[in-house]
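Colleague: Got a file for you: target00.cif, mmCIF, C-alpha atoms.
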```
data_work
#
loop_
_atom_site.label_atom_id
_atom_site.label_comp_id
_atom_site.auth_asym_id
_atom_site.auth_seq_id
_atom_site.Cartn_x
_atom_site.Cartn_y
_atom_site.Cartn_z
CA MET A 1058 -0.94 17.43 -54.72
CA ASN A 1059 2.20 16.65 -52.78
CA GLU A 1060 2.17 19.80 -50.67
CA LYS A 1061 -1.48 19.33 -49.85
CA ASN A 1062 -0.71 15.82 -48.67
CA SER A 1063 2.12 16.82 -46.37
CA SER A 1064 0.05 19.47 -44.62
CA TYR A 1065 -2.74 16.93 -44.21
CA TRP A 1066 -0.38 14.57 -42.40
CA TYR A 1067 1.16 17.36 -40.44
CA LYS A 1068 -2.25 18.21 -39.00
CA ARG A 1069 -2.87 14.55 -38.14
CA TRP A 1070 0.47 14.25 -36.32
CA THR A 1071 -0.24 17.23 -34.10
CA LEU A 1072 -3.33 15.45 -32.81
CA ILE A 1073 -1.29 12.60 -31.35
CA PRO A 1074 -0.16 14.34 -28.15
CA LEU A 1075 -3.74 15.46 -27.58
CA ILE A 1076 -5.05 11.92 -27.97
CA PHE A 1077 -2.31 10.67 -25.67
CA VAL A 1078 -3.28 13.14 -22.95
CA LEU A 1079 -6.97 12.29 -23.34
CA VAL A 1080 -6.22 8.57 -22.95
CA LEU A 1081 -4.17 9.32 -19.82
CA ILE A 1082 -7.01 11.37 -18.35
CA GLY A 1083 -9.33 8.47 -19.08
CA VAL A 1084 -7.05 6.00 -17.29
CA PHE A 1085 -6.71 8.29 -14.25
CA ALA A 1086 -10.45 8.85 -14.11
CA LYS A 1087 -11.09 5.12 -14.15
CA ARG A 1088 -8.60 4.56 -11.34
CA LEU A 1089 -10.32 7.27 -9.30
CA VAL A 1090 -13.69 5.61 -9.75
CA ASP A 1091 -12.23 2.21 -8.89
CA ILE A 1092 -10.95 3.48 -5.55
CA ASP A 1093 -14.52 4.32 -4.55
CA ASN A 1094 -15.51 0.78 -5.46
CA ASN A 1095 -14.60 -0.76 -2.09
CA LYS A 1096 -11.06 -1.28 -3.24
CA PRO A 1097 -8.33 0.63 -1.46
CA ALA A 1098 -5.85 2.59 -3.57
CA SER A 1099 -3.19 0.14 -2.47
CA TYR A 1100 -5.23 -2.80 -3.75
CA ILE A 1101 -3.08 -5.64 -5.03
CA PRO A 1102 -4.92 -8.30 -7.00
CA THR A 1103 -4.17 -11.77 -5.70
CA VAL A 1104 -2.18 -13.98 -8.03
CA LEU A 1105 -3.53 -17.01 -6.20
CA LEU A 1106 -7.05 -16.73 -7.60
CA ASN A 1107 -8.11 -20.00 -9.26
CA THR A 1108 -5.10 -21.85 -7.89
CA LEU A 1109 -4.81 -24.65 -5.35
CA ILE A 1110 -4.44 -23.60 -1.71
CA PRO A 1111 -0.94 -23.89 -0.23
CA GLU A 1112 -0.14 -26.63 2.28
CA ILE A 1113 -0.62 -25.44 5.84
CA ASN A 1114 -0.75 -27.20 9.18
CA LEU A 1115 -1.61 -24.92 12.07
CA ASP A 1116 -1.83 -25.55 15.81
CA PRO A 1117 -5.13 -24.95 17.59
CA LEU A 1118 -5.84 -22.13 20.00
CA PRO A 1119 -5.74 -23.28 23.64
CA ASN A 1120 -8.74 -25.53 24.38
CA ARG A 1121 -10.29 -25.01 21.01
CA GLY A 1122 -10.45 -28.04 18.75
CA LYS A 1123 -7.67 -29.61 16.74
CA GLY A 1124 -6.24 -26.77 14.70
CA LEU A 1125 -6.44 -26.29 10.97
CA ASN A 1126 -4.75 -27.90 7.99
CA SER A 1127 -5.14 -27.87 4.22
CA GLU A 1128 -7.19 -31.06 4.34
CA HIS A 1129 -9.92 -29.19 6.26
CA LEU A 1130 -10.06 -26.58 3.51
CA ARG A 1131 -10.71 -29.06 0.70
CA LYS A 1132 -14.02 -30.56 1.81
CA LYS A 1133 -16.67 -28.10 0.67
CA LEU A 1134 -17.21 -24.45 -0.13
CA ILE A 1135 -15.87 -22.49 2.84
CA LEU A 1136 -14.59 -19.08 3.86
CA LEU A 1137 -11.12 -18.69 5.32
CA ASN A 1138 -10.70 -15.55 7.39
CA PHE A 1139 -7.36 -14.11 8.54
CA TRP A 1140 -7.88 -12.10 11.69
CA GLY A 1141 -6.25 -11.15 14.98
CA SER A 1142 -7.25 -9.71 18.35
CA TRP A 1143 -5.01 -6.73 17.53
CA CYS A 1144 -6.96 -6.00 14.36
CA GLY A 1145 -9.46 -3.18 14.73
CA ALA A 1146 -10.96 -3.55 11.28
CA CYS A 1147 -11.79 -7.19 12.10
CA LEU A 1148 -14.47 -5.94 14.51
CA ILE A 1149 -16.22 -4.16 11.62
CA GLU A 1150 -16.98 -7.44 9.86
CA HIS A 1151 -17.41 -9.46 13.04
CA GLU A 1152 -21.17 -8.94 13.39
CA LEU A 1153 -21.64 -10.05 9.78
CA LEU A 1154 -19.55 -13.19 10.30
CA MET A 1155 -21.65 -14.02 13.37
CA GLU A 1156 -24.81 -13.67 11.31
CA ILE A 1157 -23.40 -15.96 8.59
CA LYS A 1158 -22.80 -18.54 11.29
CA ARG A 1159 -26.23 -18.10 12.86
CA LYS A 1160 -27.95 -18.50 9.51
CA ASN A 1161 -25.67 -21.39 8.63
CA ILE A 1162 -24.90 -19.91 5.19
CA ILE A 1163 -21.34 -21.16 4.79
CA PRO A 1164 -18.72 -22.51 7.24
CA ILE A 1165 -16.04 -19.97 8.21
CA HIS A 1166 -12.59 -21.15 9.27
CA GLY A 1167 -10.33 -18.68 11.04
CA ILE A 1168 -6.60 -18.12 11.14
CA ALA A 1169 -5.43 -16.17 14.19
CA TRP A 1170 -2.64 -14.29 12.50
CA ARG A 1171 0.34 -12.90 14.42
CA ASP A 1172 -1.52 -13.05 17.68
CA LYS A 1173 -0.88 -14.39 21.16
CA PRO A 1174 -3.03 -17.55 21.39
CA ASN A 1175 -4.54 -16.48 24.71
CA GLU A 1176 -5.49 -13.10 23.37
CA SER A 1177 -7.14 -14.67 20.31
CA ILE A 1178 -9.23 -16.98 22.45
CA ASN A 1179 -10.18 -14.15 24.82
CA TRP A 1180 -11.24 -12.03 21.88
CA LEU A 1181 -13.50 -14.84 20.65
CA LYS A 1182 -14.99 -15.24 24.12
CA LYS A 1183 -15.58 -11.53 24.44
CA TYR A 1184 -17.14 -10.79 21.04
CA GLY A 1185 -18.40 -14.21 19.94
CA ASP A 1186 -16.87 -17.01 17.91
CA PRO A 1187 -18.01 -17.21 14.27
CA TYR A 1188 -15.52 -19.92 13.26
CA SER A 1189 -15.80 -23.65 12.71
CA LEU A 1190 -12.07 -24.40 12.90
CA VAL A 1191 -9.32 -22.05 14.00
CA GLY A 1192 -5.56 -22.38 13.58
CA GLN A 1193 -2.92 -20.03 14.91
CA ASP A 1194 -0.27 -18.51 12.70
CA PRO A 1195 2.14 -16.62 14.98
CA GLU A 1196 4.99 -16.45 12.43
CA SER A 1197 2.93 -15.63 9.33
CA LYS A 1198 3.77 -18.94 7.69
CA ALA A 1199 0.21 -19.41 6.47
CA ALA A 1200 -0.28 -15.68 5.87
CA ILE A 1201 2.71 -15.48 3.52
CA ALA A 1202 1.71 -18.75 1.83
CA PHE A 1203 -1.70 -17.18 1.12
CA GLY A 1204 -0.13 -13.89 0.01
CA VAL A 1205 -1.87 -11.99 2.81
CA THR A 1206 -0.87 -8.36 3.29
CA GLY A 1207 -3.19 -7.24 6.09
CA ALA A 1208 -6.08 -8.33 8.28
CA PRO A 1209 -8.86 -8.96 7.79
CA GLU A 1210 -8.53 -10.88 4.57
CA THR A 1211 -11.04 -13.52 3.47
CA PHE A 1212 -10.71 -16.30 0.92
CA MET A 1213 -13.48 -18.38 -0.57
CA ILE A 1214 -12.28 -21.92 -1.27
CA ASN A 1215 -14.22 -24.62 -3.08
CA GLU A 1216 -14.43 -28.35 -2.39
CA ASN A 1217 -11.35 -29.01 -4.52
CA GLY A 1218 -9.25 -26.57 -2.54
CA ILE A 1219 -9.24 -23.92 -5.27
CA ILE A 1220 -9.30 -20.28 -4.21
CA ILE A 1221 -12.27 -18.81 -6.05
CA TYR A 1222 -12.42 -15.40 -4.41
CA LYS A 1223 -10.41 -13.14 -2.14
CA HIS A 1224 -11.45 -10.00 -0.32
CA THR A 1225 -9.00 -7.63 1.36
CA GLY A 1226 -10.36 -5.59 4.24
CA PRO A 1227 -13.54 -6.00 6.27
CA ILE A 1228 -16.53 -7.64 4.59
CA THR A 1229 -19.17 -4.95 4.64
CA GLU A 1230 -22.82 -5.70 3.93
CA LYS A 1231 -22.36 -4.29 0.43
CA VAL A 1232 -19.36 -6.52 -0.24
CA TRP A 1233 -21.23 -9.52 1.10
CA LEU A 1234 -24.30 -8.91 -1.07
CA ASN A 1235 -22.41 -7.95 -4.23
CA ASP A 1236 -19.39 -10.24 -4.19
CA PHE A 1237 -19.77 -13.19 -1.83
CA LEU A 1238 -23.45 -14.13 -1.95
CA PRO A 1239 -23.75 -14.40 -5.76
CA LEU A 1240 -20.72 -16.72 -5.83
CA ILE A 1241 -22.14 -18.89 -3.05
CA ARG A 1242 -25.52 -19.12 -4.82
CA GLU A 1243 -23.76 -20.02 -8.05
CA TYR A 1244 -22.14 -22.95 -6.29
CA LYS A 1245 -25.27 -24.38 -4.69
CA MET B 1238 43.93 22.93 13.92
CA ALA B 1239 41.55 24.25 11.32
CA SER B 1240 43.05 21.94 8.77
CA LEU B 1241 42.54 19.00 11.13
CA THR B 1242 38.82 19.85 11.43
CA LYS B 1243 38.68 20.16 7.69
CA LEU B 1244 40.14 16.72 7.34
CA LEU B 1245 38.04 15.11 10.05
CA THR B 1246 34.64 16.46 9.04
CA PRO B 1247 34.34 14.47 5.85
CA LEU B 1248 35.78 11.44 7.62
CA PHE B 1249 33.11 11.65 10.31
CA PHE B 1250 30.50 12.14 7.64
CA ILE B 1251 31.66 9.05 5.79
CA PHE B 1252 31.76 7.11 9.05
CA PHE B 1253 28.15 8.00 9.88
CA VAL B 1254 26.91 7.17 6.42
CA ILE B 1255 28.66 3.82 6.44
CA SER B 1256 27.61 2.94 9.98
CA HIS B 1257 24.01 3.86 9.20
CA LYS B 1258 24.04 1.73 6.11
CA ASP B 1259 24.10 -1.41 8.20
CA ALA B 1260 21.85 -0.15 10.98
CA LEU B 1261 18.74 -1.48 9.27
CA SER B 1262 15.61 -3.22 10.36
CA VAL B 1263 17.06 -6.70 10.65
CA GLU B 1264 16.88 -7.57 14.34
CA PRO B 1265 19.91 -9.26 15.90
CA GLU B 1266 17.88 -12.36 16.85
CA GLU B 1267 16.75 -12.74 13.24
CA MET B 1268 20.30 -13.10 11.97
CA LEU B 1269 21.70 -16.44 11.01
CA LYS B 1270 24.86 -17.74 12.65
CA ASP B 1271 26.38 -18.75 9.34
CA PRO B 1272 27.72 -15.47 7.89
CA GLN B 1273 27.48 -16.75 4.32
CA LEU B 1274 23.82 -17.68 4.70
CA GLU B 1275 23.14 -14.39 6.44
CA GLU B 1276 24.74 -12.53 3.57
CA ARG B 1277 22.53 -14.39 1.10
CA ALA B 1278 19.49 -13.63 3.27
CA ARG B 1279 20.33 -9.92 3.17
CA LYS B 1280 20.81 -10.04 -0.58
CA ILE B 1281 17.46 -11.75 -1.15
CA SER B 1282 15.71 -9.42 1.31
CA LYS B 1283 16.92 -6.40 -0.63
CA LEU B 1284 15.18 -7.73 -3.75
CA LEU B 1285 11.80 -8.29 -2.09
CA ARG B 1286 9.27 -5.54 -1.56
CA CYS B 1287 7.61 -5.06 1.78
CA VAL B 1288 4.00 -5.73 0.77
CA VAL B 1289 2.44 -3.12 3.05
CA CYS B 1290 4.96 -0.34 2.43
CA GLN B 1291 5.16 2.09 -0.44
CA ASN B 1292 8.60 1.39 -1.82
CA GLU B 1293 10.77 -0.37 0.72
CA SER B 1294 12.50 -3.70 0.62
CA ILE B 1295 11.78 -6.14 3.44
CA ASP B 1296 15.40 -5.57 4.43
CA ASP B 1297 14.67 -1.89 5.07
CA SER B 1298 11.21 -2.14 6.55
CA SER B 1299 10.24 -2.43 10.19
CA ALA B 1300 6.71 -3.58 9.35
CA VAL B 1301 5.74 -6.84 11.06
CA ILE B 1302 4.94 -8.64 7.80
CA ALA B 1303 8.37 -7.62 6.46
CA SER B 1304 9.99 -9.06 9.56
CA ASP B 1305 8.08 -12.33 9.10
CA MET B 1306 9.07 -12.45 5.44
CA ARG B 1307 12.72 -11.99 6.42
CA LYS B 1308 12.41 -14.85 8.89
CA MET B 1309 10.81 -17.03 6.23
CA VAL B 1310 13.66 -16.23 3.81
CA ARG B 1311 16.12 -17.36 6.49
CA ARG B 1312 14.15 -20.52 7.32
CA LYS B 1313 14.17 -21.48 3.67
CA LEU B 1314 17.91 -20.80 3.40
CA ILE B 1315 18.53 -23.14 6.32
CA GLU B 1316 16.38 -25.74 4.55
CA GLY B 1317 18.89 -25.46 1.74
CA GLN B 1318 16.80 -23.66 -0.86
CA SER B 1319 18.50 -21.58 -3.53
CA ASP B 1320 18.12 -17.80 -3.83
CA ASN B 1321 16.01 -18.23 -6.94
CA GLN B 1322 13.74 -20.78 -5.29
CA ILE B 1323 13.03 -18.40 -2.42
CA ILE B 1324 12.42 -15.41 -4.66
CA SER B 1325 10.11 -17.36 -6.94
CA TYR B 1326 8.21 -18.67 -3.90
CA MET B 1327 7.50 -15.09 -2.84
CA LYS B 1328 6.61 -14.16 -6.41
CA GLN B 1329 4.21 -17.08 -6.59
CA ARG B 1330 2.49 -15.88 -3.39
CA TYR B 1331 2.42 -12.12 -3.95
CA GLY B 1332 2.90 -11.73 -7.70
CA ASP B 1333 5.31 -9.46 -9.56
CA PHE B 1334 4.47 -6.77 -7.01
CA VAL B 1335 6.81 -8.35 -4.46
CA LEU B 1336 9.84 -7.97 -6.71
CA LEU B 1337 11.55 -4.62 -6.26
CA LYS B 1338 13.35 -5.15 -9.52
CA PRO B 1339 10.64 -6.00 -12.03
CA GLN B 1340 11.18 -9.03 -14.20
CA PHE B 1341 10.63 -9.05 -17.90
CA SER B 1342 7.29 -10.63 -18.81
CA LEU B 1343 4.57 -10.48 -21.43
CA ASN B 1344 2.49 -8.25 -19.11
CA ASN B 1345 5.09 -5.53 -18.94
CA LEU B 1346 6.56 -5.91 -22.43
CA PHE B 1347 5.08 -2.58 -23.48
CA LEU B 1348 6.39 -0.88 -20.36
CA TRP B 1349 9.93 -2.04 -21.06
CA PHE B 1350 9.85 -1.13 -24.73
CA SER B 1351 7.79 2.05 -24.71
CA PRO B 1352 10.79 4.36 -24.09
CA PHE B 1353 12.55 2.94 -27.15
CA LEU B 1354 9.34 3.05 -29.15
CA ILE B 1355 8.83 6.71 -28.27
CA LEU B 1356 12.48 7.46 -29.06
CA ILE B 1357 12.14 5.85 -32.50
CA ILE B 1358 8.95 7.78 -33.21
CA GLY B 1359 10.68 10.97 -32.07
CA ILE B 1360 13.68 10.35 -34.35
CA GLY B 1361 11.27 9.61 -37.19
CA ILE B 1362 9.46 12.90 -36.71
CA PHE B 1363 12.75 14.77 -36.40
CA PHE B 1364 14.12 13.43 -39.68
CA LYS B 1365 10.85 13.89 -41.45
CA ASN B 1366 10.73 17.54 -40.44
CA LYS B 1367 14.38 18.08 -41.18
CA PHE B 1368 14.70 16.50 -44.58
CA VAL B 1369 11.29 16.22 -46.11
CA ASP B 1370 10.14 19.50 -47.56
CA ASN B 1371 7.22 20.58 -45.48
CA PHE B 1372 6.81 24.12 -46.73
CA GLU B 1373 3.53 24.87 -48.36
CA ILE B 1374 4.23 26.28 -51.76
CA SER B 1375 1.78 29.06 -52.31
CA LYS B 1376 -0.42 28.51 -55.28
CA PRO B 1377 -1.12 31.39 -57.67
CA LEU B 1378 -4.23 33.34 -56.77
CA SER B 1379 -7.49 32.12 -58.24
CA GLU B 1380 -9.75 34.28 -60.40
CA ASP B 1381 -12.02 35.10 -57.46
CA GLU B 1382 -9.11 36.05 -55.26
CA LEU B 1383 -7.69 38.32 -57.97
CA VAL B 1384 -10.98 40.14 -58.22
CA LYS B 1385 -11.12 40.53 -54.42
CA LEU B 1386 -7.57 41.84 -54.30
CA GLU B 1387 -8.29 44.38 -56.97
CA LYS B 1388 -11.31 45.63 -55.07
CA ILE B 1389 -9.24 46.08 -51.95
CA ASN B 1390 -6.54 47.94 -53.86
CA GLU B 1391 -9.12 50.29 -55.38
CA LYS B 1392 -10.28 51.46 -51.98
#
```
Go through the file and emit its structure as structure tokens.

Modeller:
Amino acid sequence: MNEKNSSYWYKRWTLIPLIFVLVLIGVFAKRLVDIDNNKPASYIPTVLLNTLIPEINLDPLPNRGKGLNSEHLRKKLILLNFWGSWCGACLIEHELLMEIKRKNIIPIHGIAWRDKPNESINWLKKYGDPYSLVGQDPESKAAIAFGVTGAPETFMINENGIIIYKHTGPITEKVWLNDFLPLIREYK
Amino acid sequence: MASLTKLLTPLFFIFFVISHKDALSVEPEEMLKDPQLEERARKISKLLRCVVCQNESIDDSSAVIASDMRKMVRRKLIEGQSDNQIISYMKQRYGDFVLLKPQFSLNNLFLWFSPFLILIIGIGIFFKNKFVDNFEISKPLSEDELVKLEKINEK
């Protein structure tokens, strides 16, 4: 009785490393699949989701409106897009942002991050200006306050100034249809 | 002469290592005039991760965002904020990720304790195998087996 028992448990114990390895393989496999899912391997989830936007007060670009402050971001559902004339990936999403503006789907405010104001404004003149309000952030004050790591980065902010979504990297059509549009529809 | 070289080589080596240690990414114009504040800035910067690098502090990194984070640390020091205030501001913005030295929290409880847990399990297995009798005591052969054995022996 006793000896039978101990061999029974012995066999069970030897399975533990096997189970451990299988679980590890499962975790790695999931991570691999996740990378394909529009999220870069270096993806860092924002801790600011569902929190109030930080206080910012940014100067305007030359001859372009009054700048951008937190008050502007608390009026209705809007997108806030960090970009710069130096940012190649920003051109990938640019056409889509222009279309959002043309179709009047949702207002987009821009933050010209770490850019020379003249170069930002020239970029907008050259490629088109999808933004309602634009503020400049030459020293990354707003970027750090929003936990931004790279451009482009886009936040969706509701009328109470709560960050309800963040996307890192260019907004592709797939991202727009799968992530942004359902949230916007939900709000309307 | 040879002994002089022998003496000087390690000295030069030490000199280069030490001089390199301070030749980091902090640009001269970033530095604060007040040496005490600057020292605190360096200390804080060494604890904060450059958010676009793999495993570098903002003190070590030449990335532009790291440079801007260093400047923000210094601005906040001038404003009179404490080291902890500045570090928790960065943590609030970028999450635990920004801390090079992870803090203890509910999320990483298992991570902190798993080595001890595994050690305890290992010790448990060791003592079980060592002191609990694991040998299978062979039972006497059954009737069927005795018949089989006899048949084999007859051949």

Colleague: Applied to this file, what does the PyMOL selection byres ((chain B) within 10 of (chain A)) return in terms of residues, put as JSON, numbers by chain?

Modeller: {"B": [1287, 1288, 1289, 1290, 1291, 1301, 1302, 1303, 1304, 1305, 1306, 1308, 1309, 1326, 1327, 1328, 1329, 1330, 1331, 1332, 1333, 1334, 1335, 1362, 1366, 1369, 1370, 1371, 1372, 1373, 1374, 1375]}

Colleague: Written as a PyMOL selection string, which residues does the PyMOL selection byres ((chain A and resi 1114-1126) around 10) give for the file shown?

Modeller: chain A and resi 1111-1113+1127-1131+1166-1169+1173-1178+1189-1195+1198-1199

Colleague: Residues of the last selection are to be written out with C-alpha atoms, as an mmCIF file, in the frame of the given file.

Modeller:
```cif
data_model
loop_
_atom_site.group_PDB
_atom_site.id
_atom_site.type_symbol
_atom_site.label_atom_id
_atom_site.label_comp_id
_atom_site.auth_asym_id
_atom_site.auth_seq_id
_atom_site.Cartn_x
_atom_site.Cartn_y
_atom_site.Cartn_z
ATOM 1 C CA PRO A 1111 -0.940 -23.890 -0.230
ATOM 2 C CA GLU A 1112 -0.140 -26.630 2.280
ATOM 3 C CA ILE A 1113 -0.620 -25.440 5.840
ATOM 4 C CA SER A 1127 -5.140 -27.870 4.220
ATOM 5 C CA GLU A 1128 -7.190 -31.060 4.340
ATOM 6 C CA HIS A 1129 -9.920 -29.190 6.260
ATOM 7 C CA LEU A 1130 -10.060 -26.580 3.510
ATOM 8 C CA ARG A 1131 -10.710 -29.060 0.700
ATOM 9 C CA HIS A 1166 -12.590 -21.150 9.270
ATOM 10 C CA GLY A 1167 -10.330 -18.680 11.040
ATOM 11 C CA ILE A 1168 -6.600 -18.120 11.140
ATOM 12 C CA ALA A 1169 -5.430 -16.170 14.190
ATOM 13 C CA LYS A 1173 -0.880 -14.390 21.160
ATOM 14 C CA PRO A 1174 -3.030 -17.550 21.390
ATOM 15 C CA ASN A 1175 -4.540 -16.480 24.710
ATOM 16 C CA GLU A 1176 -5.490 -13.100 23.370
ATOM 17 C CA SER A 1177 -7.140 -14.670 20.310
ATOM 18 C CA ILE A 1178 -9.230 -16.980 22.450
ATOM 19 C CA SER A 1189 -15.800 -23.650 12.710
ATOM 20 C CA LEU A 1190 -12.070 -24.400 12.900
ATOM 21 C CA VAL A 1191 -9.320 -22.050 14.000
ATOM 22 C CA GLY A 1192 -5.560 -22.380 13.580
ATOM 23 C CA GLN A 1193 -2.920 -20.030 14.910
ATOM 24 C CA ASP A 1194 -0.270 -18.510 12.700
ATOM 25 C CA PRO A 1195 2.140 -16.620 14.980
ATOM 26 C CA LYS A 1198 3.770 -18.940 7.690
ATOM 27 C CA ALA A 1199 0.210 -19.410 6.470
#
```

Colleague: Could you state which residues are captured by the PyMOL selection byres ((chain A and resi 1218) around 10) in this file, as a ChimeraX atom specification?

Modeller: /A:1107-1111,1127-1135,1213-1217,1219-1221

Colleague: To one decimal place, how far is CA of Leu1234 in chain A from CA of Ile1157 in chain A in Å?

Modeller: 12.0 Å

Colleague: If you measure from CA of Ala1278 in chain B to CA of Ala1208 in chain A, what distance in Å do you get, rounded to one decimal?

Modeller: 26.6 Å

Colleague: CA of Asp1296 in chain B to CA of Pro1339 in chain B: how many Å, to one decimal?

Modeller: 17.1 Å

Colleague: What lies within 6 Å of Leu1337 in chain B using all atoms listed in the file, ignoring chain neighbours under 3 positions off, as a list of chain:residue names?

Modeller: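 The residues satisfying every condition are B:Leu1284, B:Leu1285, B:Arg1286.
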